[in-house]
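Below: entry.txt (compact mmCIF, C-alpha atoms)
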```txt
# COMPACT_ATOMS: atom_id res chain seq x y z
CA MET A 211 52.03 63.19 102.38
CA MET A 212 52.40 60.26 104.76
CA HIS A 213 49.14 58.70 103.57
CA LYS A 214 50.25 59.21 99.94
CA SER A 215 53.61 57.43 100.46
CA ILE A 216 51.88 54.54 102.23
CA LEU A 217 49.49 54.19 99.27
CA ILE A 218 52.37 54.20 96.79
CA SER A 219 54.17 51.52 98.83
CA LEU A 220 51.04 49.35 98.86
CA LEU A 221 50.66 49.72 95.08
CA CYS A 222 54.25 48.65 94.61
CA VAL A 223 53.67 45.57 96.74
CA VAL A 224 50.50 44.63 94.83
CA SER A 225 52.21 45.22 91.48
CA GLY A 226 55.18 43.08 92.43
CA THR A 227 53.04 40.12 93.44
CA SER A 228 50.42 40.27 90.71
CA HIS A 229 52.18 37.61 88.61
CA ALA A 230 53.47 35.54 91.52
CA GLU A 231 51.98 32.16 92.35
CA LEU A 232 49.05 32.26 94.72
CA ASN A 233 49.79 29.83 97.54
CA ILE A 234 46.80 29.20 99.83
CA PRO A 235 47.56 26.83 102.73
CA GLY A 236 45.59 23.57 102.51
CA ILE A 237 44.41 24.24 98.93
CA GLU A 238 46.21 22.84 95.88
CA THR A 239 46.66 25.47 93.17
CA GLN A 240 47.95 25.20 89.61
CA ARG A 241 51.39 26.58 88.77
CA ILE A 242 51.29 29.72 86.66
CA ASN A 243 52.81 29.27 83.20
CA ALA A 244 55.22 32.18 82.84
CA LEU A 245 55.18 31.78 79.05
CA ALA A 246 51.51 32.80 78.97
CA SER A 247 52.42 36.42 79.70
CA THR A 248 54.37 36.76 76.44
CA ASP A 249 52.94 34.00 74.23
CA LYS A 250 49.51 32.78 75.25
CA THR A 251 49.01 30.80 72.04
CA LEU A 252 52.21 28.78 72.52
CA ALA A 253 51.49 28.30 76.22
CA GLN A 254 48.12 26.75 75.36
CA THR A 255 49.94 23.92 73.57
CA GLY A 256 51.45 22.90 76.91
CA LEU A 257 54.90 24.46 76.62
CA SER A 258 56.24 26.43 79.55
CA ILE A 259 59.45 27.60 77.85
CA ASN A 260 59.92 28.87 74.31
CA GLN A 261 63.40 27.55 73.52
CA ASP A 262 64.94 29.58 70.73
CA ASP A 263 66.69 27.70 67.93
CA ILE A 264 69.47 30.29 67.84
CA THR A 265 72.52 29.19 69.87
CA HIS A 266 74.68 31.37 72.10
CA ASP A 267 77.67 31.17 69.74
CA GLN A 268 75.76 32.81 66.87
CA ASP A 269 76.28 36.57 66.77
CA ALA A 270 74.01 38.37 64.31
CA ASN A 271 76.21 41.49 64.58
CA LYS A 272 79.13 39.61 63.04
CA LEU A 273 77.03 38.32 60.15
CA VAL A 274 77.45 40.33 56.94
CA LEU A 275 74.73 39.74 54.36
CA THR A 276 75.77 38.98 50.80
CA GLU A 277 74.12 40.57 47.77
CA THR A 278 72.08 37.41 47.29
CA GLN A 279 70.89 37.48 50.89
CA LEU A 280 70.05 41.17 50.71
CA HIS A 281 68.02 40.46 47.58
CA GLU A 282 66.24 37.63 49.39
CA ALA A 283 65.31 40.00 52.20
CA THR A 284 63.88 42.46 49.67
CA VAL A 285 61.87 39.75 47.92
CA TRP A 286 60.24 38.58 51.14
CA GLU A 287 59.90 42.08 52.64
CA LEU A 288 62.22 41.31 55.55
CA THR A 289 64.47 43.66 57.47
CA GLN A 290 68.18 42.89 57.52
CA ASP A 291 67.90 41.70 61.13
CA GLU A 292 65.07 39.33 60.15
CA GLU A 293 67.10 38.01 57.21
CA LYS A 294 70.08 37.39 59.50
CA ARG A 295 67.88 35.51 61.95
CA TYR A 296 66.49 33.39 59.12
CA ILE A 297 69.99 32.50 57.91
CA GLN A 298 71.09 31.54 61.42
CA LEU A 299 67.94 29.46 62.00
CA MET A 300 68.62 27.47 58.82
CA GLN A 301 72.10 26.67 60.15
CA ASN A 302 70.52 24.90 63.13
CA ARG A 303 67.69 22.42 63.71
CA SER A 304 65.30 24.33 61.46
CA GLY A 305 67.60 23.70 58.52
CA LEU A 306 67.31 19.96 59.02
CA GLN A 307 63.64 19.87 60.01
CA TYR A 308 62.21 22.13 57.32
CA ARG A 309 64.63 22.05 54.40
CA GLY A 310 62.98 20.60 51.29
CA LEU A 311 59.45 21.40 52.48
CA HIS A 312 59.24 24.52 50.27
CA LEU A 313 58.75 26.80 53.27
CA THR A 314 59.43 30.49 52.79
CA PRO A 315 61.77 32.52 55.01
CA ILE A 316 58.63 34.07 56.51
CA ASP A 317 57.34 30.58 57.40
CA ILE A 318 60.62 29.72 59.15
CA LEU A 319 60.63 32.99 61.08
CA GLY A 320 56.97 32.58 62.02
CA ILE A 321 57.46 29.01 63.25
CA ASN A 322 60.41 30.17 65.35
CA ALA A 323 58.73 33.34 66.63
CA ARG A 324 59.93 34.44 70.06
CA SER A 325 56.63 35.99 71.08
CA GLU A 326 53.00 36.14 70.04
CA THR A 327 53.54 39.64 68.70
CA GLU A 328 56.38 38.45 66.48
CA ARG A 329 54.33 35.50 65.25
CA ASP A 330 51.38 37.74 64.39
CA HIS A 331 53.71 40.06 62.46
CA PHE A 332 54.99 37.26 60.21
CA ALA A 333 51.51 35.77 59.87
CA MET A 334 50.18 39.07 58.56
CA LEU A 335 53.15 39.44 56.21
CA SER A 336 52.64 35.93 54.85
CA ALA A 337 48.87 36.41 54.47
CA ARG A 338 49.39 39.59 52.41
CA GLN A 339 51.84 37.87 50.09
CA GLU A 340 49.64 34.77 49.78
CA ALA A 341 46.66 36.96 48.85
CA GLN A 342 48.75 38.47 46.05
CA LYS A 343 49.70 35.01 44.75
CA VAL A 344 46.17 33.57 44.88
CA SER A 345 44.60 36.62 43.24
CA LYS A 346 47.16 36.54 40.42
CA ASN A 347 46.62 32.81 39.90
CA ILE A 348 42.86 33.29 39.65
CA ALA A 349 43.27 36.20 37.23
CA TRP A 350 45.68 34.16 35.08
CA ASN A 351 43.40 31.11 34.98
CA ASN A 352 40.43 33.25 33.98
CA ALA A 353 42.46 34.91 31.21
CA PHE A 354 43.76 31.56 29.96
CA TYR A 355 40.34 29.90 29.74
CA LYS A 356 38.91 32.99 28.05
CA ALA A 357 41.67 32.92 25.42
CA TYR A 358 41.35 29.14 24.99
CA ASN A 359 37.59 29.33 24.44
CA GLN A 360 38.04 32.12 21.90
CA LEU A 361 40.73 30.19 20.03
CA PHE A 362 38.78 26.92 19.86
CA LYS A 363 35.20 28.22 19.98
CA ASP A 364 34.29 26.45 16.70
CA ILE A 365 35.90 23.13 17.61
CA PRO A 366 33.72 20.71 19.61
CA VAL A 367 35.23 19.23 22.74
CA VAL A 368 34.09 15.78 21.63
CA GLY A 369 34.17 14.98 17.91
CA GLU A 370 31.31 13.30 16.15
CA PHE A 371 31.28 9.51 16.36
CA ASP A 372 28.82 6.66 16.07
CA VAL A 373 27.24 6.06 19.49
CA THR A 374 25.26 3.03 18.33
CA PRO A 375 27.76 0.44 19.61
CA TYR A 376 27.62 2.06 23.06
CA ALA A 377 23.84 2.23 23.32
CA PRO A 378 22.40 0.23 26.27
CA SER A 379 20.15 -1.67 23.88
CA ASN A 380 23.21 -2.97 22.03
CA TYR A 381 25.10 -4.10 25.10
CA LYS A 382 25.91 -7.81 24.95
CA PRO A 383 27.06 -9.20 28.32
CA VAL A 384 27.95 -12.48 26.65
CA THR A 385 28.83 -13.21 23.01
CA LEU A 386 28.09 -16.71 21.82
CA GLN A 387 29.44 -18.57 18.81
CA ALA A 388 27.80 -21.36 16.87
CA ASN A 389 27.90 -24.73 18.70
CA ASP A 390 28.54 -23.12 22.12
CA THR A 391 27.02 -24.86 25.12
CA LEU A 392 26.29 -23.22 28.48
CA TYR A 393 25.95 -24.98 31.84
CA TRP A 394 24.33 -22.84 34.51
CA PHE A 395 24.35 -24.19 38.07
CA ILE A 396 21.75 -22.34 40.14
CA LYS A 397 19.46 -22.75 43.13
CA PRO A 398 15.72 -21.95 42.99
CA GLU A 399 16.13 -19.02 45.38
CA HIS A 400 18.72 -17.24 43.20
CA ALA A 401 17.63 -14.04 41.46
CA VAL A 402 18.33 -14.82 37.80
CA LYS A 403 15.91 -12.81 35.65
CA THR A 404 18.43 -10.06 34.84
CA VAL A 405 20.76 -12.74 33.48
CA LEU A 406 18.12 -14.92 31.78
CA LEU A 407 16.72 -12.23 29.46
CA PRO A 408 19.97 -11.28 27.63
CA LEU A 409 21.10 -14.92 27.76
CA ILE A 410 17.98 -16.21 25.99
CA GLU A 411 18.32 -13.38 23.46
CA ALA A 412 21.89 -14.52 22.74
CA LEU A 413 20.69 -18.13 22.32
CA GLN A 414 17.98 -17.15 19.87
CA SER A 415 20.36 -15.02 17.77
CA THR A 416 23.14 -17.63 17.59
CA PRO A 417 22.56 -20.95 15.77
CA ASN A 418 23.31 -24.32 17.33
CA THR A 419 23.73 -22.99 20.86
CA LYS A 420 22.40 -24.64 24.00
CA LEU A 421 21.72 -23.73 27.62
CA ASN A 422 21.62 -26.47 30.24
CA LEU A 423 19.94 -25.19 33.41
CA MET A 424 21.38 -27.25 36.29
CA LEU A 425 19.15 -26.71 39.34
CA LEU A 426 20.46 -27.66 42.77
CA GLY A 427 18.30 -28.78 45.69
CA ALA A 428 15.02 -29.01 43.77
CA ASP A 429 12.73 -31.91 42.82
CA ASN A 430 10.83 -32.25 39.54
CA ILE A 431 7.82 -30.22 40.70
CA GLU A 432 10.04 -27.42 42.08
CA ILE A 433 12.02 -27.31 38.82
CA GLN A 434 8.77 -26.97 36.86
CA GLN A 435 7.55 -24.23 39.18
CA TRP A 436 10.87 -22.42 38.86
CA ALA A 437 10.68 -22.58 35.04
CA ASN A 438 7.15 -21.15 35.04
CA LEU A 439 8.08 -18.41 37.52
CA ASN A 440 11.05 -17.31 35.39
CA GLN A 441 9.11 -17.60 32.11
CA ILE A 442 11.40 -20.13 30.50
CA SER A 443 10.34 -20.45 26.86
CA ARG A 444 8.49 -23.74 26.26
CA GLU A 445 9.47 -23.54 22.60
CA LEU A 446 13.18 -23.44 23.45
CA VAL A 447 12.73 -26.31 25.91
CA ALA A 448 10.79 -28.31 23.33
CA ASN A 449 13.45 -27.93 20.63
CA GLY A 450 16.22 -28.79 23.09
CA GLN A 451 17.96 -25.42 23.07
CA ILE A 452 17.19 -25.13 26.81
CA THR A 453 17.21 -28.13 29.12
CA LEU A 454 16.03 -28.36 32.74
CA ASN A 455 18.13 -30.73 34.84
CA HIS A 456 18.95 -31.88 38.37
CA GLY A 457 22.41 -30.44 38.82
CA GLU A 458 23.67 -31.92 42.10
CA LEU A 459 25.68 -34.81 40.67
CA ALA A 460 27.30 -32.75 37.90
CA PHE A 461 28.13 -29.96 40.35
CA GLU A 462 29.84 -32.39 42.73
CA THR A 463 31.99 -33.83 39.95
CA LEU A 464 33.34 -30.42 38.90
CA ASN A 465 37.09 -30.36 39.56
CA MET A 466 37.35 -26.78 40.82
CA LYS A 467 39.05 -25.35 43.92
CA GLN A 468 36.22 -22.98 44.78
CA LYS A 469 32.70 -23.81 43.68
CA THR A 470 30.00 -21.30 44.45
CA THR A 471 26.60 -20.81 42.92
CA PRO A 472 25.32 -19.36 40.71
CA LEU A 473 28.01 -20.72 38.40
CA MET A 474 27.95 -20.58 34.59
CA LEU A 475 30.35 -22.51 32.37
CA LEU A 476 30.85 -22.00 28.65
CA ALA A 477 31.91 -25.05 26.65
CA ARG A 478 33.61 -24.14 23.34
CA ASN A 479 35.96 -26.18 21.16
CA ASN A 480 36.38 -28.96 23.76
CA ALA A 481 37.34 -26.48 26.49
CA SER A 482 35.33 -24.85 29.28
CA SER A 483 35.62 -21.46 30.96
CA ILE A 484 33.71 -19.60 33.68
CA VAL A 485 31.34 -16.84 32.50
CA ASP A 486 31.57 -13.61 34.51
CA LEU A 487 28.01 -13.05 35.71
CA GLY A 488 28.97 -9.57 36.86
CA ARG A 489 28.77 -8.45 33.24
CA PHE A 490 24.99 -8.97 33.17
```
Please re-express this file's structure in structure tokens.
Amino acid sequence: MMHKSILISLLCVVSGTSHAELNIPGIETQRINALASTDKTLAQTGLSINQDDITHDQDANKLVLTETQLHEATVWELTQDEEKRYIQLMQNRSGLQYRGLHLTPIDILGINARSETERDHFAMLSARQEAQKVSKNIAWNNAFYKAYNQLFKDIPVVGEFDVTPYAPSNYKPVTLQANDTLYWFIKPEHAVKTVLLPLIEALQSTPNTKLNLMLLGADNIEIQQWANLNQISRELVANGQITLNHGELAFETLNMKQKTTPLMLLARNNASSIVDLGRF
């Protein structure tokens, strides 16, 4: 019997010190977070105390639920005590911090849970209700689209229309009028073929139009080489519809705030405007 009582005493001592801080002389040890014993998840965020939003002057026993509040508790599957706690929480900081965020009473109670067990309870309750909502939404959407497709099964989504104007072959990056004149300031190293092809096509299809190619930083031989490389039509050059020019002097005399090349100007009715090369 004596050995048995000694063993019981030792167990009591061990049990009483199992959660105490371990203090080893000469070795620095971390302080034990007391919150971890009841709410490990919250303790992992760095908190050491779970401060409840309910104040000491709020007595749930004195709170009598109205018919509306009782109905609210039924809707959200809350007990009367849980509904009372929700009402009291919304009278405090939670009411200011979360009002207008479309949070449910379960959300408020879960956020303000006093233990991990309580938080898990409201999380499970919320998950079950959310599963109901999502499943019903999916079922409704499926039913709606089924009914819609049956109702309009013989009506095409897009009506018939002439696609010819929108065909890539009919795309016109620039539209010229008779007597238009173009001035294109470029350097020999600029990549211009994607612009030249539709531009020459527009010249050939529009009477009395002219393209003045104003090359910068090139001598006569380099201009000729550039024209051959880019397959400039000799016929159009010969009839004057395309001209090859040194463009430095004309470019310098342009009264523009920002002059960058390549630059194309369209002269029409005694006025000039910049052509957006991004359209090509």
Original post:
Excluding same-chain residues fewer than 5 positions from range 334-351 of chain A, what lies within 12 Å of it counting only C-alpha atoms, as number ranges by chain?
Top reply: A: 285-288, 313-321, 327-329, 356-358
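Atom to atom, CA of Lys397 in chain A and CA of Ala428 in chain A stand 7.7 Å apart.
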So that I can check the surroundings of Thr391 in chain A, please list as an mmCIF file with C-alpha atoms, keeping the file's coordinate frame every protein, DNA and RNA residue that reaches within 6 Å of it, counting all atoms listed in the file and ignoring chain neighbours fewer than 4 positions away.
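Saved to around.cif:
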```
data_model
loop_
_atom_site.group_PDB
_atom_site.id
_atom_site.type_symbol
_atom_site.label_atom_id
_atom_site.label_comp_id
_atom_site.auth_asym_id
_atom_site.auth_seq_id
_atom_site.Cartn_x
_atom_site.Cartn_y
_atom_site.Cartn_z
ATOM 1 C CA THR A 419 23.730 -22.990 20.860
ATOM 2 C CA LYS A 420 22.400 -24.640 24.000
ATOM 3 C CA LEU A 421 21.720 -23.730 27.620
ATOM 4 C CA LEU A 476 30.850 -22.000 28.650
ATOM 5 C CA ALA A 477 31.910 -25.050 26.650
#
```
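As for CA of Pro472 in chain A and CA of Val402 in chain A, they are spaced 8.8 Å apart.
Of the residues listed (A:Leu245, A:Leu306, A:Leu273, A:Leu473), A:Leu273 shows the shortest atom-to-atom separation from Asp291 in chain A; distances use all atoms listed in the file.
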Subject >> Selection near Ala283 in chain A, 9 Å with only C-alpha atoms, sequence-local residues under 5 positions removed, as JSON, numbers by chain >> reply: {"A": [278, 288, 289, 290, 292, 293, 315]}
Please return as a short mmCIF file (atom, residue, chain, number, x, y, z; two decimals) with C-alpha atoms, keeping the file's coordinate frame every residue within 9 Å of (9.0, -13.4, 40.2), taking into account all atoms listed in the file and the file's own coordinates.
```cif
data_model
loop_
_atom_site.label_atom_id
_atom_site.label_comp_id
_atom_site.auth_asym_id
_atom_site.auth_seq_id
_atom_site.Cartn_x
_atom_site.Cartn_y
_atom_site.Cartn_z
CA ALA A 401 17.63 -14.04 41.46
CA LYS A 403 15.91 -12.81 35.65
CA LEU A 439 8.08 -18.41 37.52
CA ASN A 440 11.05 -17.31 35.39
#
```
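Taking CA of Gln268 in chain A and CA of Gln298 in chain A as endpoints, the distance between them is 7.3 Å.
All protein, DNA and RNA residues at most 12 Å from (33.0, -17.4, 31.9) are Pro383, Val384, Thr385, Leu386, Thr391, Leu392, Tyr393, Trp394, Pro472, Leu473, Met474, Leu475, Leu476, Ala477, Arg478, Ala481, Ser482, Ser483, Ile484, Val485, Asp486, Leu487, Gly488, Arg489 and Phe490 of chain A, using only C-alpha atoms.
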Subject >> 8 Å contact set for range 258-266 of chain A, all atoms listed in the file, chain neighbours under 4 positions out, as a list in words >> reply: Asn243, Ala244, Leu245, Ala246, Leu252, Ala253, Gln298, Leu299, Asn302, Arg303, Ser304, Asn322 and Arg324 of chain A
**OP:** Between A:Lys382, A:Arg295, A:Lys469, A:Lys272, single out the one closest to Ala323 in chain A, counting all atoms listed in the file.
**Re:**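 When distances to Ala323 in chain A are compared using all atoms listed in the file, the smallest one comes from A:Arg295.
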Edge lengths and centre in Å, axis-aligned, range 291-301 of chain A plus 6 Å each side, as AutoDock Vina command-line options:
```
--center_x 68.6 --center_y 34.2 --center_z 59.6 --size_x 19.0 --size_y 27.0 --size_z 16.8
```
Please rebuild range 250-271 of chain A with N, CA, C and O atoms and give the result as a PDB file, in the frame of the given file.
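Written out: out_25.pdb:
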```
ATOM      1  N   LYS A 250      50.646  33.563  74.768  1.00  0.00           N
ATOM      2  CA  LYS A 250      49.510  32.780  75.250  1.00  0.00           C
ATOM      3  C   LYS A 250      49.203  31.606  74.322  1.00  0.00           C
ATOM      4  O   LYS A 250      48.889  30.506  74.772  1.00  0.00           O
ATOM      5  N   THR A 251      49.312  31.849  73.018  1.00  0.00           N
ATOM      6  CA  THR A 251      49.010  30.800  72.040  1.00  0.00           C
ATOM      7  C   THR A 251      49.938  29.609  72.208  1.00  0.00           C
ATOM      8  O   THR A 251      49.510  28.448  72.208  1.00  0.00           O
ATOM      9  N   LEU A 252      51.242  29.866  72.347  1.00  0.00           N
ATOM     10  CA  LEU A 252      52.210  28.780  72.520  1.00  0.00           C
ATOM     11  C   LEU A 252      52.036  28.101  73.869  1.00  0.00           C
ATOM     12  O   LEU A 252      52.177  26.887  73.983  1.00  0.00           O
ATOM     13  N   ALA A 253      51.698  28.877  74.892  1.00  0.00           N
ATOM     14  CA  ALA A 253      51.490  28.300  76.220  1.00  0.00           C
ATOM     15  C   ALA A 253      50.306  27.349  76.239  1.00  0.00           C
ATOM     16  O   ALA A 253      50.297  26.355  76.972  1.00  0.00           O
ATOM     17  N   GLN A 254      49.299  27.615  75.406  1.00  0.00           N
ATOM     18  CA  GLN A 254      48.120  26.750  75.360  1.00  0.00           C
ATOM     19  C   GLN A 254      48.429  25.372  74.792  1.00  0.00           C
ATOM     20  O   GLN A 254      47.668  24.435  75.003  1.00  0.00           O
ATOM     21  N   THR A 255      49.549  25.238  74.092  1.00  0.00           N
ATOM     22  CA  THR A 255      49.940  23.920  73.570  1.00  0.00           C
ATOM     23  C   THR A 255      50.575  23.050  74.648  1.00  0.00           C
ATOM     24  O   THR A 255      50.820  21.866  74.421  1.00  0.00           O
ATOM     25  N   GLY A 256      50.871  23.648  75.812  1.00  0.00           N
ATOM     26  CA  GLY A 256      51.450  22.900  76.910  1.00  0.00           C
ATOM     27  C   GLY A 256      52.886  23.246  77.219  1.00  0.00           C
ATOM     28  O   GLY A 256      53.436  22.796  78.226  1.00  0.00           O
ATOM     29  N   LEU A 257      53.516  24.062  76.365  1.00  0.00           N
ATOM     30  CA  LEU A 257      54.900  24.460  76.620  1.00  0.00           C
ATOM     31  C   LEU A 257      54.956  25.504  77.735  1.00  0.00           C
ATOM     32  O   LEU A 257      54.077  26.346  77.861  1.00  0.00           O
ATOM     33  N   SER A 258      56.019  25.426  78.515  1.00  0.00           N
ATOM     34  CA  SER A 258      56.240  26.430  79.550  1.00  0.00           C
ATOM     35  C   SER A 258      57.446  27.294  79.238  1.00  0.00           C
ATOM     36  O   SER A 258      57.638  28.352  79.848  1.00  0.00           O
ATOM     37  N   ILE A 259      58.263  26.844  78.265  1.00  0.00           N
ATOM     38  CA  ILE A 259      59.450  27.600  77.850  1.00  0.00           C
ATOM     39  C   ILE A 259      59.513  27.600  76.332  1.00  0.00           C
ATOM     40  O   ILE A 259      59.381  26.555  75.693  1.00  0.00           O
ATOM     41  N   ASN A 260      59.724  28.758  75.748  1.00  0.00           N
ATOM     42  CA  ASN A 260      59.920  28.870  74.310  1.00  0.00           C
ATOM     43  C   ASN A 260      61.423  28.862  74.053  1.00  0.00           C
ATOM     44  O   ASN A 260      62.097  29.877  74.152  1.00  0.00           O
ATOM     45  N   GLN A 261      61.950  27.694  73.721  1.00  0.00           N
ATOM     46  CA  GLN A 261      63.400  27.550  73.520  1.00  0.00           C
ATOM     47  C   GLN A 261      63.763  28.007  72.114  1.00  0.00           C
ATOM     48  O   GLN A 261      63.318  27.435  71.125  1.00  0.00           O
ATOM     49  N   ASP A 262      64.561  29.029  72.031  1.00  0.00           N
ATOM     50  CA  ASP A 262      64.940  29.580  70.730  1.00  0.00           C
ATOM     51  C   ASP A 262      65.942  28.656  70.044  1.00  0.00           C
ATOM     52  O   ASP A 262      66.807  28.054  70.686  1.00  0.00           O
ATOM     53  N   ASP A 263      65.810  28.571  68.694  1.00  0.00           N
ATOM     54  CA  ASP A 263      66.690  27.700  67.930  1.00  0.00           C
ATOM     55  C   ASP A 263      68.062  28.337  67.680  1.00  0.00           C
ATOM     56  O   ASP A 263      68.981  27.673  67.211  1.00  0.00           O
ATOM     57  N   ILE A 264      68.177  29.609  67.972  1.00  0.00           N
ATOM     58  CA  ILE A 264      69.470  30.290  67.840  1.00  0.00           C
ATOM     59  C   ILE A 264      70.348  29.937  69.037  1.00  0.00           C
ATOM     60  O   ILE A 264      69.897  29.977  70.185  1.00  0.00           O
ATOM     61  N   THR A 265      71.606  29.578  68.792  1.00  0.00           N
ATOM     62  CA  THR A 265      72.520  29.190  69.870  1.00  0.00           C
ATOM     63  C   THR A 265      73.358  30.386  70.321  1.00  0.00           C
ATOM     64  O   THR A 265      73.469  31.395  69.606  1.00  0.00           O
ATOM     65  N   HIS A 266      73.954  30.247  71.492  1.00  0.00           N
ATOM     66  CA  HIS A 266      74.680  31.370  72.100  1.00  0.00           C
ATOM     67  C   HIS A 266      75.920  31.771  71.302  1.00  0.00           C
ATOM     68  O   HIS A 266      76.421  32.897  71.420  1.00  0.00           O
ATOM     69  N   ASP A 267      76.452  30.861  70.484  1.00  0.00           N
ATOM     70  CA  ASP A 267      77.670  31.170  69.740  1.00  0.00           C
ATOM     71  C   ASP A 267      77.380  31.890  68.422  1.00  0.00           C
ATOM     72  O   ASP A 267      78.309  32.263  67.699  1.00  0.00           O
ATOM     73  N   GLN A 268      76.116  32.114  68.103  1.00  0.00           N
ATOM     74  CA  GLN A 268      75.760  32.810  66.870  1.00  0.00           C
ATOM     75  C   GLN A 268      75.548  34.300  67.181  1.00  0.00           C
ATOM     76  O   GLN A 268      74.674  34.662  67.955  1.00  0.00           O
ATOM     77  N   ASP A 269      76.347  35.132  66.545  1.00  0.00           N
ATOM     78  CA  ASP A 269      76.280  36.570  66.770  1.00  0.00           C
ATOM     79  C   ASP A 269      75.817  37.246  65.489  1.00  0.00           C
ATOM     80  O   ASP A 269      76.549  37.288  64.487  1.00  0.00           O
ATOM     81  N   ALA A 270      74.569  37.743  65.505  1.00  0.00           N
ATOM     82  CA  ALA A 270      74.010  38.370  64.310  1.00  0.00           C
ATOM     83  C   ALA A 270      74.809  39.612  63.910  1.00  0.00           C
ATOM     84  O   ALA A 270      74.846  39.982  62.726  1.00  0.00           O
ATOM     85  N   ASN A 271      75.447  40.279  64.884  1.00  0.00           N
ATOM     86  CA  ASN A 271      76.210  41.490  64.580  1.00  0.00           C
ATOM     87  C   ASN A 271      77.432  41.210  63.723  1.00  0.00           C
ATOM     88  O   ASN A 271      77.932  42.092  63.020  1.00  0.00           O
TER      89      ASN A 271
END
```
